[in-house]
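J.: Below is the structure I would like to discuss, written out as structure tokens.
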Amino acid sequence: MKKNKLTKKIINRNMLFYKIIFENNCTYSLILLLLISVFLSSCKNYTHNNIAQENKIEVKNEINSGVKSEVKVKEENEYDNKEEKRENNEVTDGSGDISIIMVGDILLHSPINRSCMSDDGEYDYTSIFENTIEEIKAADIALVNQEVIIGGEELGVTGYPAFNAPYGIGDALADAGFDVVCHATNHALDRGKRGLVNCMDYWETSHPEITVAGLHESADEKDDIIIYEVNGIKIAILNYTYGTNGIELPADMPWSVELLREENVVKDIKKAEENADFTIVCPHWGTEYSLDVTQEQRKWSKLFCENGADLVIGTHPHVIEPIEWVEDGSGHRMLVYYSIGNYVNWTSGKGTGISNRMVGGMAKVELGYDNNGNVTINDYGVDALVCHLSKEKYGVSVYLLRDYDDSMACENEIRSQTGDFSRQYCVDLCNRIWGDTWE
Ligand SMILES: [Zn+2]
């Protein structure tokens with residue numbers, strides 16, 4: 001998985017400059033070059049989420065500044081290689097790659113909210129993301145499943161069973177570098193219509209750069225498909241939940257939460273396929289705590305695939321499930337991550353199987369595209385994550401399993417609820433479910 005996507009974008013621009021120099025062998029090509037560089041620097045390439053993408057580039061500039069010289073060298077070297085290959089017709093202009101990551105459930109049980117609250121009552125969830133932030137920011141598109149509604153402090157902050165999160169979690173998600181927040185979950189209506197409306201208003205006013213999936217503010221918006229554009233490639237993102245824990249959708253907003261209903265799903269995927277180059281479906285589905293894929297998940301996967309979806313990343317079981325390719329019989333293949341587990345949680349559960357809820361995955365997919373707009377999955381995998389629980393203020397955090405050692409595992413508070421948690425337990429679980437796909 002490549003990390004410095006900014007580098008790639010800069011390379012494409014440099015190549016354009018050089019192309020002009022070669023093709024216009026006279027002095028005013030330099031003037032033209034200067035004009036184009038001014039134009040390009042102010043040009044917004046992205047249609048749907050231009051603000052989000054521009055911000056992302058700015059953020060990446062900040063991150064890359066720490067290794068600026070290294071990045072510059074890499075650019076020049078890559079340019080030389082690409083130019084060489086281009087002369088030998090090995091690289092087609094307009095080709096490139098796009099990295100996508102997604103993490104699972106942000107499931108804010110009460111001890112997490114307490115850990116992230118300052119003495120004067122302010123919520124700050126930065127600590128939860130600080131050990132995975134580089135991976136999140138490096139992606140062209142970063143998605144997250146926001147399991148609980150963000151209804152804000154005025155509705156009262158609560159954990160299980162009827163959750164409500166403070167706005168601070170949204171600020172932390174935005175700061176961490178997520179671009180798309182999936183909100184179609186079974187907890188979307190835990191605080192009824194007020195929770196929903198507060199949540200949508202919050203995103204719109206505080207973080208208009210974030211794309212909210214799975215919720216709608218108006219009936220008109222219901223038929224819109226989210227299309228995220230990167231380097232001119234259009235990626236559709238669809239998000240549905242199997243239900244809302246038996247709570248009826250508001251009578252005057254029956255379209256407010258995207259439900260996994262066949263008629264909707266088929267219509268949306270077809271529309272996505274007509275308007276985008278690649279379609280991602282994020283279903284909130286499956287059976288809680290089941291490490292196995294259900295018949296229901298297989299039935300939906302078949303339907304997604306037959307209608308043309310390309311990638312599925314599932315959430316809700318709170319544990320990890322297998323990753324596999326599904327085929328529709330006519331040669332179309334779709335990659336499915338059935339469940340990427342929790343990103344963060346502090347269950348009150350005790351005993352066998354509880355450790356499984358501490359292991360999650362960061363799905364990583366790299367798309368390749370050519371100048372004809374053909375998009376393919378070039379590479380995929382998953383980074384194993386561990387949720388670290390601590391009673392210390394701001395002590396709850398999520399680590400890449402490769403960065404998590406035995407001594408840290410010994411200090412994880414989950415050990416007071418289940419005796420079997422260890423680093424090796426997490427490794428064994430990943431091996432069992434993901435085989436050699438994980439890192
Ligand atoms: Zn759920």
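In the structure tokens, chains take letters A, B, ... by order of appearance, with residues numbered from 1 within each chain and ligands from 1 in the order shown.
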Neighbours of ligand 1 within 12 Å, counting only C-alpha atoms and all ligand atoms, as an MDAnalysis selection string?

T.: chainID A and resid 104:108 145:149 160:163 182:190 240:245 283:289 314:319 339:342 345

J.: Selected residues, C-alpha atoms, written as a compact mmCIF listing (two decimals), in the first residue's frame, please.

T.:
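What follows is the written file result_38.txt:
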# COMPACT_ATOMS: atom_id res chain seq x y z
CA GLY A 104 -15.46 -0.35 12.00
CA ASP A 105 -17.77 0.60 14.81
CA ILE A 106 -17.24 3.71 16.92
CA LEU A 107 -19.22 2.22 19.80
CA LEU A 108 -19.06 4.66 22.68
CA ASN A 145 -18.81 3.42 10.82
CA GLN A 146 -20.26 5.80 13.42
CA GLU A 147 -22.31 3.22 15.30
CA VAL A 148 -24.01 5.66 17.66
CA ILE A 149 -25.94 8.81 16.86
CA TYR A 160 -25.53 1.20 26.26
CA PRO A 161 -28.35 0.46 25.50
CA ALA A 162 -29.72 3.75 24.04
CA PHE A 163 -26.57 5.58 23.01
CA CYS A 182 -21.46 5.97 7.75
CA HIS A 183 -24.46 6.61 9.97
CA ALA A 184 -26.97 3.94 8.85
CA THR A 185 -26.86 1.75 11.98
CA ASN A 186 -29.32 0.08 14.32
CA HIS A 187 -28.60 2.90 16.83
CA ALA A 188 -29.49 5.74 14.44
CA LEU A 189 -32.82 6.31 16.21
CA ASP A 190 -31.71 5.74 19.81
CA TYR A 240 -27.68 0.80 4.68
CA THR A 241 -28.75 -0.73 7.98
CA TYR A 242 -30.84 -3.87 8.44
CA GLY A 243 -33.03 -1.99 10.95
CA THR A 244 -33.19 0.49 13.84
CA ASN A 245 -33.71 -1.74 16.89
CA PRO A 283 -24.09 -2.62 4.86
CA HIS A 284 -24.81 -2.71 8.61
CA TRP A 285 -25.79 -6.36 8.80
CA GLY A 286 -25.04 -9.81 10.18
CA THR A 287 -25.29 -11.30 13.64
CA GLU A 288 -23.68 -9.65 16.64
CA TYR A 289 -20.58 -11.49 17.96
CA GLY A 314 -19.71 -4.57 6.37
CA THR A 315 -20.17 -3.62 10.01
CA HIS A 316 -22.39 -4.42 13.03
CA PRO A 317 -21.29 -7.88 14.32
CA HIS A 318 -18.69 -6.12 16.62
CA VAL A 319 -16.22 -8.86 15.72
CA SER A 339 -17.35 -7.41 9.07
CA ILE A 340 -14.39 -5.33 10.16
CA GLY A 341 -15.44 -5.49 13.83
CA ASN A 342 -15.29 -2.66 16.34
CA ASN A 345 -15.75 -0.20 22.41

J.: According to DSSP computed on the backbone, where in region 86-327 of chain A is there helix (DSSP H, G or I)? Give the residues as a ChimeraX atom specification.

T.: /A:86-87,110-115,126-129,133-138,153-155,168-176,192-206,219-222,262-275,295-306

J.: Excluding Asp97 (chain A) and residues on its chain fewer than 3 positions from it, collect all residues at most 9 Å away from it, counting only C-alpha atoms, and give them as a list of chain:residue names.

T.: A:Lys5, A:Lys8, A:Asn231, A:Glu366, A:Leu367, A:Gly368, A:Tyr369, A:Asp370, A:Val375, A:Asn378

J.: As a PDB file with N, CA and C atoms, in the first residue's frame, please: every residue in region 64-285 of chain A that a backbone DSSP assignment puts in strand (DSSP E).

T.:
ATOM      1  N   GLY A  96      -3.391   5.774 -12.733  1.00  0.00           N
ATOM      2  CA  GLY A  96      -2.957   6.037 -11.368  1.00  0.00           C
ATOM      3  C   GLY A  96      -3.626   5.093 -10.409  1.00  0.00           C
ATOM      4  N   ASP A  97      -3.532   5.421  -9.138  1.00  0.00           N
ATOM      5  CA  ASP A  97      -4.209   4.580  -8.158  1.00  0.00           C
ATOM      6  C   ASP A  97      -4.842   5.425  -7.063  1.00  0.00           C
ATOM      7  N   ILE A  98      -5.781   4.795  -6.367  1.00  0.00           N
ATOM      8  CA  ILE A  98      -6.560   5.469  -5.329  1.00  0.00           C
ATOM      9  C   ILE A  98      -6.616   4.537  -4.132  1.00  0.00           C
ATOM     10  N   SER A  99      -6.274   5.065  -2.954  1.00  0.00           N
ATOM     11  CA  SER A  99      -6.312   4.200  -1.767  1.00  0.00           C
ATOM     12  C   SER A  99      -7.556   4.490  -0.940  1.00  0.00           C
ATOM     13  N   ILE A 100      -8.173   3.397  -0.485  1.00  0.00           N
ATOM     14  CA  ILE A 100      -9.399   3.497   0.319  1.00  0.00           C
ATOM     15  C   ILE A 100      -9.159   2.730   1.613  1.00  0.00           C
ATOM     16  N   ILE A 101      -9.519   3.334   2.738  1.00  0.00           N
ATOM     17  CA  ILE A 101      -9.488   2.564   3.998  1.00  0.00           C
ATOM     18  C   ILE A 101     -10.848   2.711   4.689  1.00  0.00           C
ATOM     19  N   MET A 102     -11.171   1.735   5.507  1.00  0.00           N
ATOM     20  CA  MET A 102     -12.376   1.873   6.347  1.00  0.00           C
ATOM     21  C   MET A 102     -12.139   1.185   7.680  1.00  0.00           C
ATOM     22  N   VAL A 103     -12.596   1.823   8.753  1.00  0.00           N
ATOM     23  CA  VAL A 103     -12.573   1.175  10.070  1.00  0.00           C
ATOM     24  C   VAL A 103     -14.004   0.980  10.556  1.00  0.00           C
ATOM     25  N   GLY A 104     -14.140   0.087  11.546  1.00  0.00           N
ATOM     26  CA  GLY A 104     -15.461  -0.347  11.996  1.00  0.00           C
ATOM     27  C   GLY A 104     -16.095   0.549  13.047  1.00  0.00           C
ATOM     28  N   ASP A 105     -16.842  -0.108  13.934  1.00  0.00           N
ATOM     29  CA  ASP A 105     -17.774   0.604  14.808  1.00  0.00           C
ATOM     30  C   ASP A 105     -17.110   1.523  15.839  1.00  0.00           C
ATOM     31  N   ILE A 106     -17.573   2.774  15.827  1.00  0.00           N
ATOM     32  CA  ILE A 106     -17.245   3.706  16.917  1.00  0.00           C
ATOM     33  C   ILE A 106     -18.389   3.527  17.912  1.00  0.00           C
ATOM     34  N   ILE A 141      -9.445   8.070   0.348  1.00  0.00           N
ATOM     35  CA  ILE A 141     -10.793   8.090   0.924  1.00  0.00           C
ATOM     36  C   ILE A 141     -10.760   7.246   2.197  1.00  0.00           C
ATOM     37  N   ALA A 142     -11.106   7.865   3.328  1.00  0.00           N
ATOM     38  CA  ALA A 142     -11.151   7.146   4.605  1.00  0.00           C
ATOM     39  C   ALA A 142     -12.591   7.135   5.104  1.00  0.00           C
ATOM     40  N   LEU A 143     -13.108   5.920   5.349  1.00  0.00           N
ATOM     41  CA  LEU A 143     -14.492   5.763   5.826  1.00  0.00           C
ATOM     42  C   LEU A 143     -14.494   5.208   7.241  1.00  0.00           C
ATOM     43  N   VAL A 144     -15.567   5.510   7.979  1.00  0.00           N
ATOM     44  CA  VAL A 144     -15.701   4.999   9.340  1.00  0.00           C
ATOM     45  C   VAL A 144     -17.169   4.703   9.595  1.00  0.00           C
ATOM     46  N   ASN A 145     -17.439   3.695  10.429  1.00  0.00           N
ATOM     47  CA  ASN A 145     -18.811   3.424  10.819  1.00  0.00           C
ATOM     48  C   ASN A 145     -19.096   4.060  12.177  1.00  0.00           C
ATOM     49  N   VAL A 180     -15.613  10.113   4.976  1.00  0.00           N
ATOM     50  CA  VAL A 180     -17.000   9.644   4.879  1.00  0.00           C
ATOM     51  C   VAL A 180     -17.375   8.967   6.199  1.00  0.00           C
ATOM     52  N   VAL A 181     -18.481   9.422   6.793  1.00  0.00           N
ATOM     53  CA  VAL A 181     -18.951   8.836   8.046  1.00  0.00           C
ATOM     54  C   VAL A 181     -20.265   8.101   7.761  1.00  0.00           C
ATOM     55  N   CYS A 182     -20.258   6.789   7.981  1.00  0.00           N
ATOM     56  CA  CYS A 182     -21.455   5.973   7.750  1.00  0.00           C
ATOM     57  C   CYS A 182     -22.325   6.013   9.003  1.00  0.00           C
ATOM     58  N   THR A 211     -18.473  13.898   4.392  1.00  0.00           N
ATOM     59  CA  THR A 211     -19.630  13.327   3.699  1.00  0.00           C
ATOM     60  C   THR A 211     -20.337  12.369   4.656  1.00  0.00           C
ATOM     61  N   VAL A 212     -21.605  12.634   4.903  1.00  0.00           N
ATOM     62  CA  VAL A 212     -22.399  11.775   5.782  1.00  0.00           C
ATOM     63  C   VAL A 212     -23.186  10.797   4.911  1.00  0.00           C
ATOM     64  N   ALA A 213     -23.001   9.509   5.171  1.00  0.00           N
ATOM     65  CA  ALA A 213     -23.716   8.484   4.406  1.00  0.00           C
ATOM     66  C   ALA A 213     -24.775   7.834   5.288  1.00  0.00           C
ATOM     67  N   ILE A 226     -24.201   9.277  -3.236  1.00  0.00           N
ATOM     68  CA  ILE A 226     -22.930   9.926  -2.896  1.00  0.00           C
ATOM     69  C   ILE A 226     -21.883   9.466  -3.904  1.00  0.00           C
ATOM     70  N   ILE A 227     -21.324  10.425  -4.611  1.00  0.00           N
ATOM     71  CA  ILE A 227     -20.237  10.079  -5.537  1.00  0.00           C
ATOM     72  C   ILE A 227     -19.017  10.906  -5.153  1.00  0.00           C
ATOM     73  N   TYR A 228     -17.978  10.195  -4.808  1.00  0.00           N
ATOM     74  CA  TYR A 228     -16.748  10.816  -4.337  1.00  0.00           C
ATOM     75  C   TYR A 228     -15.753  10.764  -5.494  1.00  0.00           C
ATOM     76  N   GLU A 229     -15.214  11.899  -5.841  1.00  0.00           N
ATOM     77  CA  GLU A 229     -14.342  11.925  -7.010  1.00  0.00           C
ATOM     78  C   GLU A 229     -12.883  12.152  -6.607  1.00  0.00           C
ATOM     79  N   VAL A 230     -12.026  11.258  -7.041  1.00  0.00           N
ATOM     80  CA  VAL A 230     -10.585  11.380  -6.774  1.00  0.00           C
ATOM     81  C   VAL A 230      -9.861  11.223  -8.104  1.00  0.00           C
ATOM     82  N   ILE A 233     -11.743  10.048 -11.027  1.00  0.00           N
ATOM     83  CA  ILE A 233     -12.442   8.760 -10.944  1.00  0.00           C
ATOM     84  C   ILE A 233     -13.598   8.894  -9.957  1.00  0.00           C
ATOM     85  N   LYS A 234     -14.772   8.449 -10.378  1.00  0.00           N
ATOM     86  CA  LYS A 234     -15.974   8.616  -9.561  1.00  0.00           C
ATOM     87  C   LYS A 234     -16.278   7.329  -8.789  1.00  0.00           C
ATOM     88  N   ILE A 235     -16.375   7.481  -7.481  1.00  0.00           N
ATOM     89  CA  ILE A 235     -16.614   6.330  -6.606  1.00  0.00           C
ATOM     90  C   ILE A 235     -17.919   6.542  -5.848  1.00  0.00           C
ATOM     91  N   ALA A 236     -18.883   5.663  -6.076  1.00  0.00           N
ATOM     92  CA  ALA A 236     -20.173   5.781  -5.391  1.00  0.00           C
ATOM     93  C   ALA A 236     -20.101   5.059  -4.054  1.00  0.00           C
ATOM     94  N   ILE A 237     -20.719   5.648  -3.027  1.00  0.00           N
ATOM     95  CA  ILE A 237     -20.701   5.052  -1.687  1.00  0.00           C
ATOM     96  C   ILE A 237     -22.142   4.947  -1.178  1.00  0.00           C
ATOM     97  N   LEU A 238     -22.558   3.714  -0.884  1.00  0.00           N
ATOM     98  CA  LEU A 238     -23.921   3.455  -0.410  1.00  0.00           C
ATOM     99  C   LEU A 238     -23.847   2.829   0.977  1.00  0.00           C
ATOM    100  N   ASN A 239     -24.747   3.242   1.881  1.00  0.00           N
ATOM    101  CA  ASN A 239     -24.720   2.765   3.268  1.00  0.00           C
ATOM    102  C   ASN A 239     -26.153   2.462   3.731  1.00  0.00           C
ATOM    103  N   TYR A 240     -26.339   1.241   4.248  1.00  0.00           N
ATOM    104  CA  TYR A 240     -27.682   0.802   4.682  1.00  0.00           C
ATOM    105  C   TYR A 240     -27.587   0.052   6.004  1.00  0.00           C
ATOM    106  N   THR A 241     -28.674   0.108   6.789  1.00  0.00           N
ATOM    107  CA  THR A 241     -28.752  -0.733   7.984  1.00  0.00           C
ATOM    108  C   THR A 241     -29.934  -1.692   7.873  1.00  0.00           C
ATOM    109  N   PHE A 278     -16.962   3.138  -9.928  1.00  0.00           N
ATOM    110  CA  PHE A 278     -16.737   2.075  -8.949  1.00  0.00           C
ATOM    111  C   PHE A 278     -17.778   2.258  -7.844  1.00  0.00           C
ATOM    112  N   THR A 279     -18.364   1.149  -7.371  1.00  0.00           N
ATOM    113  CA  THR A 279     -19.426   1.264  -6.356  1.00  0.00           C
ATOM    114  C   THR A 279     -19.060   0.494  -5.089  1.00  0.00           C
ATOM    115  N   ILE A 280     -19.100   1.231  -3.972  1.00  0.00           N
ATOM    116  CA  ILE A 280     -18.847   0.614  -2.659  1.00  0.00           C
ATOM    117  C   ILE A 280     -20.166   0.563  -1.896  1.00  0.00           C
ATOM    118  N   VAL A 281     -20.478  -0.601  -1.325  1.00  0.00           N
ATOM    119  CA  VAL A 281     -21.657  -0.721  -0.463  1.00  0.00           C
ATOM    120  C   VAL A 281     -21.167  -0.999   0.961  1.00  0.00           C
ATOM    121  N   CYS A 282     -21.679  -0.235   1.922  1.00  0.00           N
ATOM    122  CA  CYS A 282     -21.342  -0.439   3.341  1.00  0.00           C
ATOM    123  C   CYS A 282     -22.617  -0.856   4.080  1.00  0.00           C
ATOM    124  N   PRO A 283     -22.873  -2.164   4.175  1.00  0.00           N
ATOM    125  CA  PRO A 283     -24.086  -2.620   4.863  1.00  0.00           C
ATOM    126  C   PRO A 283     -23.844  -2.820   6.359  1.00  0.00           C
ATOM    127  N   HIS A 284     -24.846  -2.439   7.163  1.00  0.00           N
ATOM    128  CA  HIS A 284     -24.807  -2.705   8.608  1.00  0.00           C
ATOM    129  C   HIS A 284     -25.697  -3.927   8.780  1.00  0.00           C
TER     130      HIS A 284
END

J.: Taking only C-alpha atoms into account, name the residue in A:Asp383, A:Glu392, A:Asp224, A:Glu327 that is nearest to Pro111 (chain A).

T.: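 Closest to Pro111 (chain A), using only C-alpha atoms: A:Glu392.
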
J.: Mind checking which residues fall within 8 Å of Tyr380 (chain A), counting only C-alpha atoms, ignoring those fewer than 3 positions away in the same chain, and posting them as an mmCIF file with N, CA and C atoms, in the first residue's frame?

T.:
data_model
loop_
_atom_site.group_PDB
_atom_site.id
_atom_site.type_symbol
_atom_site.label_atom_id
_atom_site.label_comp_id
_atom_site.auth_asym_id
_atom_site.auth_seq_id
_atom_site.Cartn_x
_atom_site.Cartn_y
_atom_site.Cartn_z
ATOM 1 N N ALA A 363 -9.822 -2.012 6.823
ATOM 2 C CA ALA A 363 -9.840 -2.531 5.451
ATOM 3 C C ALA A 363 -9.034 -1.585 4.576
ATOM 4 N N LYS A 364 -8.173 -2.145 3.718
ATOM 5 C CA LYS A 364 -7.337 -1.318 2.842
ATOM 6 C C LYS A 364 -7.458 -1.829 1.412
ATOM 7 N N VAL A 365 -7.909 -0.970 0.537
ATOM 8 C CA VAL A 365 -8.101 -1.370 -0.860
ATOM 9 C C VAL A 365 -7.420 -0.338 -1.747
ATOM 10 N N GLU A 366 -6.668 -0.812 -2.701
ATOM 11 C CA GLU A 366 -6.043 0.104 -3.651
ATOM 12 C C GLU A 366 -6.633 -0.130 -5.035
ATOM 13 N N ILE A 377 -9.557 -3.390 -8.705
ATOM 14 C CA ILE A 377 -8.927 -3.523 -7.392
ATOM 15 C C ILE A 377 -7.540 -4.106 -7.629
#

J.: Fewer than 2 positions away in the same chain doesn't count, so skip those; otherwise give me all residues within 7 Å of region 254-271 of chain A, counting only C-alpha atoms, as a VMD selection string.

T.: chain A and resid 184 214 to 217 219 222 239 to 243 249 to 252 273 to 275 307 to 309

J.: Those residues you just picked out, can you put them in a file as an mmCIF file, in the first residue's frame with C-alpha atoms?

T.:
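The resulting out_38.cif:
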data_model
loop_
_atom_site.group_PDB
_atom_site.id
_atom_site.type_symbol
_atom_site.label_atom_id
_atom_site.label_comp_id
_atom_site.auth_asym_id
_atom_site.auth_seq_id
_atom_site.Cartn_x
_atom_site.Cartn_y
_atom_site.Cartn_z
ATOM 1 C CA ALA A 184 -26.971 3.936 8.855
ATOM 2 C CA GLY A 214 -26.884 6.629 5.383
ATOM 3 C CA LEU A 215 -28.918 9.590 6.720
ATOM 4 C CA HIS A 216 -31.029 12.120 4.845
ATOM 5 C CA GLU A 217 -32.280 15.531 5.850
ATOM 6 C CA ALA A 219 -37.024 13.666 0.871
ATOM 7 C CA LYS A 222 -33.149 10.515 -0.512
ATOM 8 C CA ASN A 239 -24.720 2.765 3.268
ATOM 9 C CA TYR A 240 -27.682 0.802 4.682
ATOM 10 C CA THR A 241 -28.752 -0.733 7.984
ATOM 11 C CA TYR A 242 -30.839 -3.872 8.438
ATOM 12 C CA GLY A 243 -33.027 -1.989 10.953
ATOM 13 C CA LEU A 249 -38.615 6.035 11.589
ATOM 14 C CA PRO A 250 -40.117 9.489 12.310
ATOM 15 C CA ALA A 251 -43.567 9.639 10.633
ATOM 16 C CA ASP A 252 -42.687 12.877 8.844
ATOM 17 C CA GLU A 273 -23.259 2.122 -11.727
ATOM 18 C CA GLU A 274 -24.667 4.526 -14.319
ATOM 19 C CA ASN A 275 -22.990 7.548 -12.763
ATOM 20 C CA ASN A 307 -26.385 -5.450 -9.699
ATOM 21 C CA GLY A 308 -22.784 -4.412 -10.275
ATOM 22 C CA ALA A 309 -21.331 -3.391 -6.885
#
